[in-house]
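Next comes model12.txt, with compact mmCIF, C-alpha atoms and all ligand atoms.
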# COMPACT_ATOMS: atom_id res chain seq x y z
CA MET F 188 16.79 34.41 -2.49
CA ASN F 189 19.76 32.58 -0.98
CA THR F 190 20.33 29.05 -2.17
CA PRO F 191 19.58 26.29 -1.50
CA TYR F 192 15.83 26.62 -1.34
CA TYR F 193 12.73 24.62 -2.26
CA GLN F 194 10.59 26.18 -4.93
CA TYR F 195 6.96 25.06 -4.86
CA ASP F 196 4.60 25.60 -7.77
CA ILE F 197 1.26 26.00 -6.02
CA ALA F 198 -0.57 26.38 -9.34
CA LEU F 199 0.61 22.89 -10.33
CA LEU F 200 -0.44 21.56 -6.91
CA ARG F 201 -3.94 23.01 -7.45
CA LYS F 202 -4.12 21.52 -10.93
CA THR F 203 -3.14 18.13 -9.50
CA LEU F 204 -5.81 18.39 -6.80
CA ASP F 205 -8.39 19.42 -9.43
CA THR F 206 -7.47 16.38 -11.53
CA ILE F 207 -7.98 14.08 -8.55
CA ARG F 208 -11.34 15.66 -7.83
CA GLU F 209 -12.45 15.25 -11.44
CA GLU F 210 -11.40 11.60 -11.55
CA THR F 211 -13.23 10.74 -8.34
CA ALA F 212 -16.39 12.81 -9.00
CA GLY F 213 -19.60 10.83 -8.82
CA TYR F 214 -18.06 8.04 -6.72
CA ASP F 215 -18.15 7.59 -2.98
CA TYR F 216 -14.39 8.05 -2.83
CA LYS F 217 -12.42 10.08 -0.28
CA VAL F 218 -8.78 10.95 -0.85
CA HIS F 219 -6.50 11.58 2.11
CA TYR F 220 -3.17 13.37 1.78
CA ALA F 221 -0.20 11.61 3.43
CA ILE F 222 1.33 14.55 5.27
CA LYS F 223 4.70 12.88 5.71
CA ALA F 224 5.39 13.48 2.02
CA ASN F 225 5.52 17.24 2.63
CA SER F 226 4.34 19.05 5.73
CA ASP F 227 5.01 22.58 4.44
CA GLU F 228 2.23 24.76 5.81
CA VAL F 229 1.22 26.41 2.52
CA ILE F 230 1.05 23.02 0.83
CA VAL F 231 -0.89 21.33 3.63
CA LYS F 232 -3.34 24.25 3.84
CA THR F 233 -3.87 24.19 0.07
CA VAL F 234 -4.70 20.47 0.22
CA ALA F 235 -7.01 20.98 3.21
CA GLU F 236 -8.90 23.79 1.42
CA ASN F 237 -9.64 21.37 -1.40
CA GLY F 238 -11.69 19.04 0.75
CA PHE F 239 -9.22 16.18 1.18
CA GLY F 240 -8.66 14.17 4.35
CA ALA F 241 -5.28 13.74 6.05
CA ASP F 242 -3.21 10.62 6.67
CA CYS F 243 -0.89 11.07 9.65
CA VAL F 244 1.81 8.85 11.13
CA SER F 245 2.62 10.69 14.38
CA ILE F 246 0.80 12.90 16.86
CA GLY F 247 2.92 15.78 15.58
CA GLU F 248 1.40 15.30 12.15
CA VAL F 249 -2.10 15.02 13.66
CA ARG F 250 -1.67 18.36 15.45
CA HIS F 251 -0.20 19.94 12.32
CA ALA F 252 -3.08 18.69 10.17
CA ILE F 253 -5.64 20.23 12.52
CA LYS F 254 -3.68 23.50 12.69
CA CYS F 255 -3.61 23.64 8.88
CA GLY F 256 -7.37 23.29 8.56
CA PHE F 257 -8.24 19.58 8.36
CA ALA F 258 -11.25 18.52 10.41
CA ALA F 259 -10.17 16.07 13.12
CA SER F 260 -12.85 13.70 11.81
CA ASP F 261 -11.06 13.64 8.42
CA ILE F 262 -7.80 12.39 9.94
CA ALA F 263 -6.62 8.79 9.75
CA TYR F 264 -3.72 7.96 12.03
CA ALA F 265 -1.42 5.07 11.02
CA GLY F 266 1.94 3.90 12.33
CA VAL F 267 3.34 0.70 13.81
CA GLY F 268 4.51 2.26 17.06
CA LYS F 269 1.96 4.71 18.39
CA THR F 270 2.78 5.41 22.02
CA ASP F 271 0.19 5.48 24.82
CA ASP F 272 0.50 9.28 25.00
CA GLU F 273 -0.05 9.62 21.27
CA ILE F 274 -3.09 7.34 21.35
CA SER F 275 -4.54 9.17 24.33
CA GLU F 276 -4.19 12.60 22.73
CA ALA F 277 -5.61 11.40 19.41
CA ILE F 278 -8.68 10.05 21.22
CA ASP F 279 -9.10 13.40 22.99
CA LEU F 280 -8.81 15.20 19.65
CA GLN F 281 -11.54 12.90 18.27
CA ILE F 282 -9.68 11.98 15.12
CA GLY F 283 -11.59 10.09 12.45
CA CYS F 284 -9.84 6.77 12.77
CA PHE F 285 -6.83 4.81 13.99
CA ASN F 286 -5.33 2.55 11.38
CA VAL F 287 -4.26 -0.26 13.67
CA GLU F 288 -1.16 -2.25 12.79
CA SER F 289 -1.12 -5.08 15.38
CA LEU F 290 -3.34 -7.04 17.75
CA GLU F 291 -1.29 -5.66 20.61
CA GLU F 292 -2.23 -2.14 19.55
CA LEU F 293 -5.95 -3.07 19.41
CA HIS F 294 -5.81 -4.05 23.08
CA ILE F 295 -4.00 -0.86 24.12
CA ILE F 296 -6.30 1.48 22.18
CA SER F 297 -9.31 -0.25 23.72
CA GLU F 298 -7.82 0.05 27.22
CA ILE F 299 -6.98 3.73 26.85
CA ALA F 300 -10.36 4.58 25.29
CA THR F 301 -12.22 2.63 27.98
CA SER F 302 -10.36 4.51 30.72
CA LYS F 303 -11.70 7.75 29.20
CA ASN F 304 -15.23 6.39 28.69
CA ALA F 305 -14.60 6.88 24.99
CA VAL F 306 -14.91 4.67 21.94
CA ALA F 307 -12.13 4.84 19.35
CA ASN F 308 -12.85 4.34 15.66
CA VAL F 309 -10.44 1.81 14.20
CA ALA F 310 -9.57 0.32 10.85
CA LEU F 311 -7.43 -2.78 10.62
CA ARG F 312 -4.30 -2.31 8.57
CA LEU F 313 -3.97 -5.66 6.88
CA ASN F 314 -1.01 -7.00 5.06
CA PRO F 315 -2.30 -8.33 1.73
CA ASP F 316 0.92 -10.32 1.11
CA ILE F 317 1.28 -9.29 -2.49
CA ASP F 318 4.17 -11.17 -4.09
CA ALA F 319 7.31 -9.05 -4.04
CA HIS F 320 9.04 -11.30 -6.57
CA THR F 321 6.75 -10.25 -9.33
CA HIS F 322 6.45 -6.70 -8.03
CA HIS F 323 9.82 -5.73 -6.65
CA TYR F 324 8.75 -2.14 -5.99
CA ILE F 325 6.37 -3.27 -3.30
CA THR F 326 8.04 -3.18 0.04
CA THR F 327 5.32 -2.77 2.62
CA GLY F 328 2.71 -5.39 1.75
CA LEU F 329 4.54 -8.66 2.46
CA ALA F 330 3.39 -11.20 5.04
CA GLU F 331 6.33 -10.84 7.40
CA ASN F 332 6.80 -7.12 7.55
CA LYS F 333 6.76 -4.57 10.31
CA PHE F 334 3.70 -2.90 8.79
CA GLY F 335 0.16 -4.13 9.22
CA ILE F 336 -1.53 -7.26 10.50
CA SER F 337 -0.72 -10.52 8.77
CA LEU F 338 -3.70 -12.26 7.13
CA HIS F 339 -2.90 -15.29 9.29
CA LEU F 340 -4.19 -13.26 12.22
CA LEU F 341 -7.26 -11.92 10.42
CA ASP F 342 -9.81 -13.98 12.35
CA GLU F 343 -8.35 -13.01 15.66
CA ALA F 344 -8.21 -9.35 14.63
CA LEU F 345 -11.84 -9.34 13.49
CA MET F 346 -12.97 -11.05 16.70
CA LEU F 347 -11.09 -8.54 18.85
CA SER F 348 -12.48 -5.61 16.84
CA LYS F 349 -15.96 -6.94 17.48
CA THR F 350 -15.55 -7.65 21.18
CA LEU F 351 -13.09 -5.18 22.72
CA PRO F 352 -15.13 -2.58 24.60
CA GLY F 353 -13.30 0.64 23.65
CA LEU F 354 -13.36 0.10 19.90
CA LYS F 355 -15.67 0.65 17.01
CA MET F 356 -14.50 -1.18 13.96
CA ARG F 357 -15.05 1.09 10.94
CA GLY F 358 -12.93 -0.15 8.13
CA LEU F 359 -10.13 -2.08 6.53
CA HIS F 360 -6.86 -0.48 5.53
CA PHE F 361 -4.13 -1.52 3.09
CA HIS F 362 -0.99 0.19 1.83
CA ILE F 363 1.14 -1.92 -0.46
CA GLY F 364 4.13 0.27 -1.27
CA SER F 365 5.34 3.37 -3.01
CA GLN F 366 6.30 4.71 -6.46
CA ILE F 367 4.08 2.10 -8.13
CA LEU F 368 3.79 2.71 -11.87
CA THR F 369 1.78 -0.24 -13.15
CA MET F 370 -1.76 -1.03 -12.12
CA GLU F 371 -1.17 -4.79 -11.66
CA PRO F 372 -0.44 -4.58 -7.91
CA TYR F 373 -3.60 -2.54 -7.36
CA LYS F 374 -5.64 -5.09 -9.33
CA LEU F 375 -4.17 -7.82 -7.16
CA LEU F 376 -5.07 -5.80 -4.08
CA CYS F 377 -8.69 -5.53 -5.24
CA GLU F 378 -8.84 -9.32 -5.58
CA ARG F 379 -7.44 -9.79 -2.09
CA ILE F 380 -9.97 -7.41 -0.58
CA LYS F 381 -13.15 -9.22 -1.70
CA PRO F 382 -12.86 -12.36 0.48
CA ILE F 383 -11.75 -10.28 3.45
CA LEU F 384 -14.85 -8.12 3.16
CA ASP F 385 -17.01 -11.24 2.94
CA LYS F 386 -15.43 -12.67 6.05
CA ALA F 387 -15.85 -9.46 8.07
CA LYS F 388 -19.50 -9.20 7.07
CA ASN F 389 -20.69 -12.78 6.96
CA GLY F 390 -18.30 -14.38 9.45
CA TYR F 391 -18.35 -11.67 12.10
CA GLY F 392 -21.35 -9.47 11.32
CA LEU F 393 -19.12 -6.41 11.07
CA LYS F 394 -20.31 -3.48 9.01
CA ILE F 395 -17.43 -2.03 7.00
CA ASP F 396 -17.99 1.71 6.54
CA TYR F 397 -14.94 2.10 4.39
CA VAL F 398 -12.06 0.35 2.74
CA ASN F 399 -8.84 2.34 2.58
CA VAL F 400 -6.55 1.17 -0.22
CA GLY F 401 -3.61 3.38 0.76
CA GLY F 402 -1.39 5.28 -1.62
CA GLY F 403 1.76 4.57 -3.54
CA LEU F 404 0.88 5.88 -6.99
CA GLY F 405 4.16 6.80 -8.69
CA ILE F 406 5.35 9.82 -10.62
CA ASP F 407 7.56 10.32 -13.67
CA TYR F 408 11.00 11.20 -12.27
CA GLU F 409 12.58 10.94 -15.75
CA ASN F 410 10.33 13.47 -17.49
CA PRO F 411 8.80 15.68 -14.84
CA LEU F 412 8.14 18.62 -17.15
CA VAL F 413 6.43 16.41 -19.77
CA ASN F 414 4.36 14.47 -17.23
CA PRO F 415 3.79 16.76 -14.26
CA ILE F 416 0.57 15.00 -13.26
CA SER F 417 0.38 11.27 -12.52
CA ASP F 418 -2.01 8.89 -14.22
CA PHE F 419 -4.88 9.44 -11.83
CA LYS F 420 -7.40 8.33 -14.44
CA GLY F 421 -5.72 4.92 -14.75
CA PHE F 422 -5.34 4.67 -11.00
CA PHE F 423 -8.94 5.42 -10.05
CA ASN F 424 -10.31 3.45 -13.02
CA THR F 425 -8.49 0.38 -11.69
CA PHE F 426 -10.60 0.56 -8.55
CA LYS F 427 -13.79 1.54 -10.39
CA GLU F 428 -13.38 -1.56 -12.56
CA ASN F 429 -12.05 -4.07 -10.03
CA LEU F 430 -13.53 -3.31 -6.65
CA VAL F 431 -17.25 -3.27 -5.94
CA LEU F 432 -17.97 -2.28 -2.37
CA PRO F 433 -21.14 -3.06 -0.46
CA GLN F 434 -23.89 -0.44 -0.47
CA GLY F 435 -23.02 2.35 1.96
CA SER F 436 -19.29 1.66 2.04
CA GLN F 437 -16.82 4.36 1.03
CA LEU F 438 -13.49 3.84 -0.70
CA HIS F 439 -10.60 5.79 0.81
CA PHE F 440 -7.19 6.57 -0.69
CA GLU F 441 -4.02 7.98 0.89
CA LEU F 442 -1.79 9.63 -1.66
CA GLY F 443 1.43 11.42 -0.83
CA ARG F 444 4.03 11.47 -3.56
CA ALA F 445 1.61 11.73 -6.48
CA ILE F 446 0.06 14.87 -4.98
CA VAL F 447 3.17 16.90 -4.18
CA ALA F 448 6.35 15.50 -5.78
CA GLN F 449 6.22 17.35 -9.07
CA CYS F 450 5.33 20.72 -7.61
CA GLY F 451 8.71 21.02 -5.88
CA SER F 452 12.25 21.68 -7.09
CA LEU F 453 15.36 22.06 -4.98
CA ILE F 454 17.19 25.11 -6.28
CA THR F 455 20.93 25.12 -5.66
CA LYS F 456 24.03 27.02 -6.72
CA VAL F 457 27.31 25.64 -8.05
CA ILE F 458 30.13 26.45 -5.64
CA TYR F 459 32.99 24.82 -7.56
CA VAL F 460 33.50 22.78 -10.68
CA LYS F 461 36.36 20.56 -9.64
CA ARG F 462 38.56 18.86 -12.20
CA GLY F 463 38.87 15.12 -11.53
CA LEU F 464 40.89 12.45 -13.31
CA GLU F 465 38.34 11.49 -15.92
CA LYS F 466 35.39 13.67 -15.21
CA GLN F 467 34.50 16.88 -13.53
CA ILE F 468 32.70 17.21 -10.26
CA VAL F 469 30.06 19.87 -9.77
CA ILE F 470 29.90 20.78 -6.09
CA VAL F 471 26.62 22.47 -5.16
CA ASP F 472 25.44 24.20 -2.01
CA ALA F 473 22.57 21.75 -1.35
CA GLY F 474 23.40 18.51 0.39
CA MET F 475 21.89 15.20 1.41
CA ASN F 476 20.61 16.95 4.53
CA ASN F 477 18.26 18.92 2.23
CA LEU F 478 17.32 16.03 -0.08
CA ILE F 479 18.28 12.56 1.09
CA ARG F 480 16.50 10.42 -1.51
CA PRO F 481 19.50 9.94 -3.84
CA ALA F 482 21.73 8.96 -0.88
CA LEU F 483 19.13 6.80 0.86
CA TYR F 484 17.40 5.04 -2.04
CA GLN F 485 19.75 5.71 -4.98
CA ALA F 486 16.80 7.66 -6.28
CA TYR F 487 17.03 9.48 -9.60
CA HIS F 488 16.13 13.16 -9.78
CA LYS F 489 16.35 15.09 -13.01
CA ILE F 490 18.81 17.98 -12.76
CA GLU F 491 18.77 21.03 -15.01
CA ASN F 492 21.16 23.93 -15.30
CA LEU F 493 18.99 27.05 -15.33
CA THR F 494 21.88 29.44 -16.02
CA SER F 495 24.18 28.00 -18.67
CA LYS F 496 23.37 28.99 -22.24
CA SER F 497 26.23 26.90 -23.59
CA SER F 498 25.51 24.54 -26.47
CA ASP F 499 28.59 22.50 -25.48
CA ARG F 500 28.02 19.62 -23.13
CA ALA F 501 30.15 17.83 -20.59
CA VAL F 502 29.80 14.90 -18.20
CA TYR F 503 29.69 15.63 -14.48
CA ASP F 504 29.07 14.15 -11.10
CA VAL F 505 26.85 16.48 -9.08
CA VAL F 506 27.62 16.32 -5.37
CA GLY F 507 26.82 18.16 -2.17
CA PRO F 508 29.29 19.58 0.37
CA ILE F 509 28.59 17.07 3.15
CA CYS F 510 31.31 14.79 4.51
CA GLU F 511 29.79 11.57 3.10
CA SER F 512 30.44 9.91 -0.25
CA ALA F 513 26.70 9.19 -0.42
CA ASP F 514 26.12 12.94 -0.68
CA THR F 515 25.80 12.67 -4.45
CA PHE F 516 22.84 13.84 -6.52
CA ALA F 517 23.92 12.41 -9.90
CA GLU F 518 26.78 10.50 -11.48
CA ASN F 519 27.94 10.79 -15.09
CA LEU F 520 25.30 13.36 -15.88
CA THR F 521 25.50 15.24 -19.15
CA LEU F 522 24.84 18.95 -18.69
CA PRO F 523 25.53 22.10 -20.69
CA VAL F 524 29.00 23.31 -19.73
CA THR F 525 28.59 24.30 -16.11
CA SER F 526 30.46 26.96 -14.16
CA ARG F 527 30.80 28.32 -10.68
CA GLY F 528 27.72 30.38 -9.78
CA ASP F 529 25.30 28.55 -12.09
CA ILE F 530 21.88 27.74 -10.66
CA LEU F 531 20.69 24.12 -10.89
CA ALA F 532 17.17 22.80 -10.35
CA ILE F 533 16.78 19.32 -8.88
CA ARG F 534 13.29 18.32 -10.03
CA SER F 535 10.50 16.21 -8.52
CA ALA F 536 11.64 17.10 -5.03
CA GLY F 537 8.25 18.09 -3.58
CA ALA F 538 7.72 14.70 -1.89
CA TYR F 539 10.04 13.26 0.75
CA GLY F 540 12.47 16.14 0.20
CA GLN F 541 12.04 18.93 2.70
CA SER F 542 10.09 16.64 5.05
CA MET F 543 13.06 14.25 5.35
CA SER F 544 15.67 16.95 5.79
CA SER F 545 18.07 17.00 8.73
CA HIS F 546 20.71 19.22 10.28
CA TYR F 547 23.59 16.84 9.64
CA ASN F 548 26.91 18.71 9.58
CA MET F 549 25.02 21.48 11.43
CA ARG F 550 23.63 22.66 8.13
CA ASN F 551 20.58 24.84 7.71
CA ASP F 552 17.19 23.93 6.28
CA ALA F 553 16.49 24.95 2.72
CA PRO F 554 13.55 27.34 3.10
CA ALA F 555 10.45 27.32 0.89
CA GLN F 556 9.63 29.77 -1.87
CA TYR F 557 6.28 29.70 -3.67
CA VAL F 558 5.29 30.45 -7.23
CA GLY F 559 1.79 30.37 -8.70
CA LEU F 560 0.16 31.20 -5.37
C1 LIG M 601 3.57 6.90 3.27
C2 LIG M 601 2.21 6.38 3.31
C3 LIG M 601 1.30 6.71 2.31
C4 LIG M 601 1.65 7.55 1.10
O1 LIG M 601 2.54 6.91 0.25
P1 LIG M 601 2.90 7.55 -1.18
O2 LIG M 601 3.80 6.54 -1.80
O3 LIG M 601 3.61 8.85 -0.91
O4 LIG M 601 1.63 7.76 -1.92
C5 LIG M 601 0.01 6.23 2.43
N1 LIG M 601 -0.37 5.46 3.48
C6 LIG M 601 0.49 5.13 4.45
C7 LIG M 601 0.02 4.29 5.58
C8 LIG M 601 1.81 5.56 4.41
O5 LIG M 601 2.65 5.22 5.38
Rewrite the structure of this file - the entire thing - as structure tokens.
Ligand SMILES: *Cc1c(COP(=O)(O)O)cnc(C)c1O
Amino acid sequence: MNTPYYQYDIALLRKTLDTIREETAGYDYKVHYAIKANSDEVIVKTVAENGFGADCVSIGEVRHAIKCGFAASDIAYAGVGKTDDEISEAIDLQIGCFNVESLEELHIISEIATSKNAVANVALRLNPDIDAHTHHYITTGLAENKFGISLHLLDEALMLSKTLPGLKMRGLHFHIGSQILTMEPYKLLCERIKPILDKAKNGYGLKIDYVNVGGGLGIDYENPLVNPISDFKGFFNTFKENLVLPQGSQLHFELGRAIVAQCGSLITKVIYVKRGLEKQIVIVDAGMNNLIRPALYQAYHKIENLTSKSSDRAVYDVVGPICESADTFAENLTLPVTSRGDILAIRSAGAYGQSMSSHYNMRNDAPAQYVGL
């Protein structure tokens, strides 16, 4: 197969999904897959076949989820800027729920639903304002943030949910960030949820059918082959131990990265090994258009040389061919002596890799190849 391409290990994906099912068995938990992490059809269909719900952030993702086998009623639709057309179509498709991110949006959804003689299921996406100073990896749960409804507006939001004619308030939604590797932020989230539930129930007489605690569980980028499956036991136990929901309420989750990241590698070929002043530069045929995470977030991805049998090692920068200095996959990386034509694997690329790719420099997509189907 021509490089670069994404190699997906579907057997590992299935094993990951099985692990999630085992860890949630016996509880009224429902896990949604955040399609934005990877919308590859084989992957999305595999997740759908395993009885998960879907978390979408555009009408394109909603359509794709339905096409790949998710029931419309198992789709939650989030996003700060849903357009009128998107809202209208999602109501027509009878999706499970809108995760609503502002009071303004509550009004618009109600108006559009009312004009169709429909009632839209909504959950309020609330901003739990979890302290970023102690948890620097949390970027989406702060009070003044484009995501979600600030707790200062909670009363108003609950009142609107109760009174606007085109809405049925179903649940509360939170999503505090991504690549979270300690359980402290999730414990904090559980504490924040209790008084909010009380207020919805006792203050406003709202019945909460479900609480959605979002996603964000991290993966091991350093040792992907040693730890291919995230700590789902620790994750779900945190909620089992810290969050008691009222009788009849479900707990929902929306995981993206932890489901798909480790099943994908970006496979690329070395075009040149260029001699620099102090180090050598490995130029590969994949670029930041195929995998933007290192350029965008200075993210680390483990890189392995699958070809070189050399026991000698050297230090390299590994870069792509794109006309941007940011198009760099690794700096000062020690690899077995690497030569033109060697094949490298960039690991943990199954999440936010292919789905964030672009055509910058008029470059092609890296196609998908599957193993373990
Ligand atoms: C992106 C996103 C997720 C998934 O995040 P991960 O870090 O990939 O688990 C879940 N919920 C919402 C609302 C999101 O935007």
Using only C-alpha atoms and all ligand atoms, the shortest atom-to-atom distance to ligand LIG 601 (chain M) among F:Gly353, F:Gly358, F:Gly335, F:Gly443 belongs to F:Gly443
Skipping near chain neighbours, those fewer than 4 positions away, what residues fall within 7 Å of stretch 397-408 of chain F using all atoms listed in the file, listed as a ChimeraX atom specification?
/F:357-362,364-368,414,417,436-445,487-489,535
Can you tell me which residues surround F:Leu313 at a distance of at most 12 Å, considering only C-alpha atoms, apart from same-chain residues fewer than 4 positions away, and format the answer as a PDB file with C-alpha atoms, in the frame of the given file?
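What landed in around.pdb:
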ATOM      1  CA  ALA F 265      -1.420   5.070  11.020  1.00  0.00           C
ATOM      2  CA  VAL F 267       3.340   0.700  13.810  1.00  0.00           C
ATOM      3  CA  ASN F 286      -5.330   2.550  11.380  1.00  0.00           C
ATOM      4  CA  VAL F 287      -4.260  -0.260  13.670  1.00  0.00           C
ATOM      5  CA  GLU F 288      -1.160  -2.250  12.790  1.00  0.00           C
ATOM      6  CA  SER F 289      -1.120  -5.080  15.380  1.00  0.00           C
ATOM      7  CA  LEU F 290      -3.340  -7.040  17.750  1.00  0.00           C
ATOM      8  CA  ILE F 317       1.280  -9.290  -2.490  1.00  0.00           C
ATOM      9  CA  THR F 327       5.320  -2.770   2.620  1.00  0.00           C
ATOM     10  CA  GLY F 328       2.710  -5.390   1.750  1.00  0.00           C
ATOM     11  CA  LEU F 329       4.540  -8.660   2.460  1.00  0.00           C
ATOM     12  CA  ALA F 330       3.390 -11.200   5.040  1.00  0.00           C
ATOM     13  CA  GLU F 331       6.330 -10.840   7.400  1.00  0.00           C
ATOM     14  CA  ASN F 332       6.800  -7.120   7.550  1.00  0.00           C
ATOM     15  CA  LYS F 333       6.760  -4.570  10.310  1.00  0.00           C
ATOM     16  CA  PHE F 334       3.700  -2.900   8.790  1.00  0.00           C
ATOM     17  CA  GLY F 335       0.160  -4.130   9.220  1.00  0.00           C
ATOM     18  CA  ILE F 336      -1.530  -7.260  10.500  1.00  0.00           C
ATOM     19  CA  SER F 337      -0.720 -10.520   8.770  1.00  0.00           C
ATOM     20  CA  LEU F 338      -3.700 -12.260   7.130  1.00  0.00           C
ATOM     21  CA  HIS F 339      -2.900 -15.290   9.290  1.00  0.00           C
ATOM     22  CA  LEU F 340      -4.190 -13.260  12.220  1.00  0.00           C
ATOM     23  CA  LEU F 341      -7.260 -11.920  10.420  1.00  0.00           C
ATOM     24  CA  ASP F 342      -9.810 -13.980  12.350  1.00  0.00           C
ATOM     25  CA  ALA F 344      -8.210  -9.350  14.630  1.00  0.00           C
ATOM     26  CA  LEU F 345     -11.840  -9.340  13.490  1.00  0.00           C
ATOM     27  CA  GLY F 358     -12.930  -0.150   8.130  1.00  0.00           C
ATOM     28  CA  LEU F 359     -10.130  -2.080   6.530  1.00  0.00           C
ATOM     29  CA  HIS F 360      -6.860  -0.480   5.530  1.00  0.00           C
ATOM     30  CA  PHE F 361      -4.130  -1.520   3.090  1.00  0.00           C
ATOM     31  CA  HIS F 362      -0.990   0.190   1.830  1.00  0.00           C
ATOM     32  CA  ILE F 363       1.140  -1.920  -0.460  1.00  0.00           C
ATOM     33  CA  LEU F 376      -5.070  -5.800  -4.080  1.00  0.00           C
ATOM     34  CA  ARG F 379      -7.440  -9.790  -2.090  1.00  0.00           C
ATOM     35  CA  ILE F 380      -9.970  -7.410  -0.580  1.00  0.00           C
ATOM     36  CA  ILE F 383     -11.750 -10.280   3.450  1.00  0.00           C
ATOM     37  CA  LEU F 384     -14.850  -8.120   3.160  1.00  0.00           C
ATOM     38  CA  VAL F 398     -12.060   0.350   2.740  1.00  0.00           C
ATOM     39  CA  ASN F 399      -8.840   2.340   2.580  1.00  0.00           C
ATOM     40  CA  VAL F 400      -6.550   1.170  -0.220  1.00  0.00           C
ATOM     41  CA  GLY F 401      -3.610   3.380   0.760  1.00  0.00           C
TER      42      GLY F 401
END
Which residues are close to F:Lys269, i.e. within 9 Å by all atoms listed in the file, leaving aside same-chain residues fewer than 5 positions away? Reply as an NGL selection string.
:F and (244-246 or 274 or 292)
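Near F:Ala241, within 8 Å and counting all atoms listed in the file, sit His219, Tyr220, Ala221, Ile222, Ala235, Ala252, Phe257, Asp261, Ile262, Ala263 and Glu441 of chain F, not including residues fewer than 6 positions from it in the same chain.
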Atom CA of F:Ser275 to atom CA of F:Ile299, distance in Å rounded to a single decimal
6.5 Å
Selection: 9 Å around F:Ile490, all atoms listed in the file, excl. self and same-chain fewer than 3 positions, as an mmCIF file with C-alpha atoms, in the coordinates of the input:
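Okay, this is what ended up in part.cif:
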data_model
loop_
_atom_site.group_PDB
_atom_site.id
_atom_site.type_symbol
_atom_site.label_atom_id
_atom_site.label_comp_id
_atom_site.auth_asym_id
_atom_site.auth_seq_id
_atom_site.Cartn_x
_atom_site.Cartn_y
_atom_site.Cartn_z
ATOM 1 C CA VAL F 505 26.850 16.480 -9.080
ATOM 2 C CA PHE F 516 22.840 13.840 -6.520
ATOM 3 C CA ALA F 517 23.920 12.410 -9.900
ATOM 4 C CA LEU F 520 25.300 13.360 -15.880
ATOM 5 C CA LEU F 522 24.840 18.950 -18.690
ATOM 6 C CA LEU F 531 20.690 24.120 -10.890
ATOM 7 C CA ALA F 532 17.170 22.800 -10.350
ATOM 8 C CA ILE F 533 16.780 19.320 -8.880
ATOM 9 C CA ARG F 534 13.290 18.320 -10.030
#
Restricting to all atoms listed in the file, whichever of F:Phe426, F:Tyr264, F:Tyr193, F:Tyr484 is closest to ligand LIG 601 (chain M) is F:Tyr264
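Picture a line from atom CA of F:Lys355 to atom CA of F:Ala310; it runs 8.7 Å.
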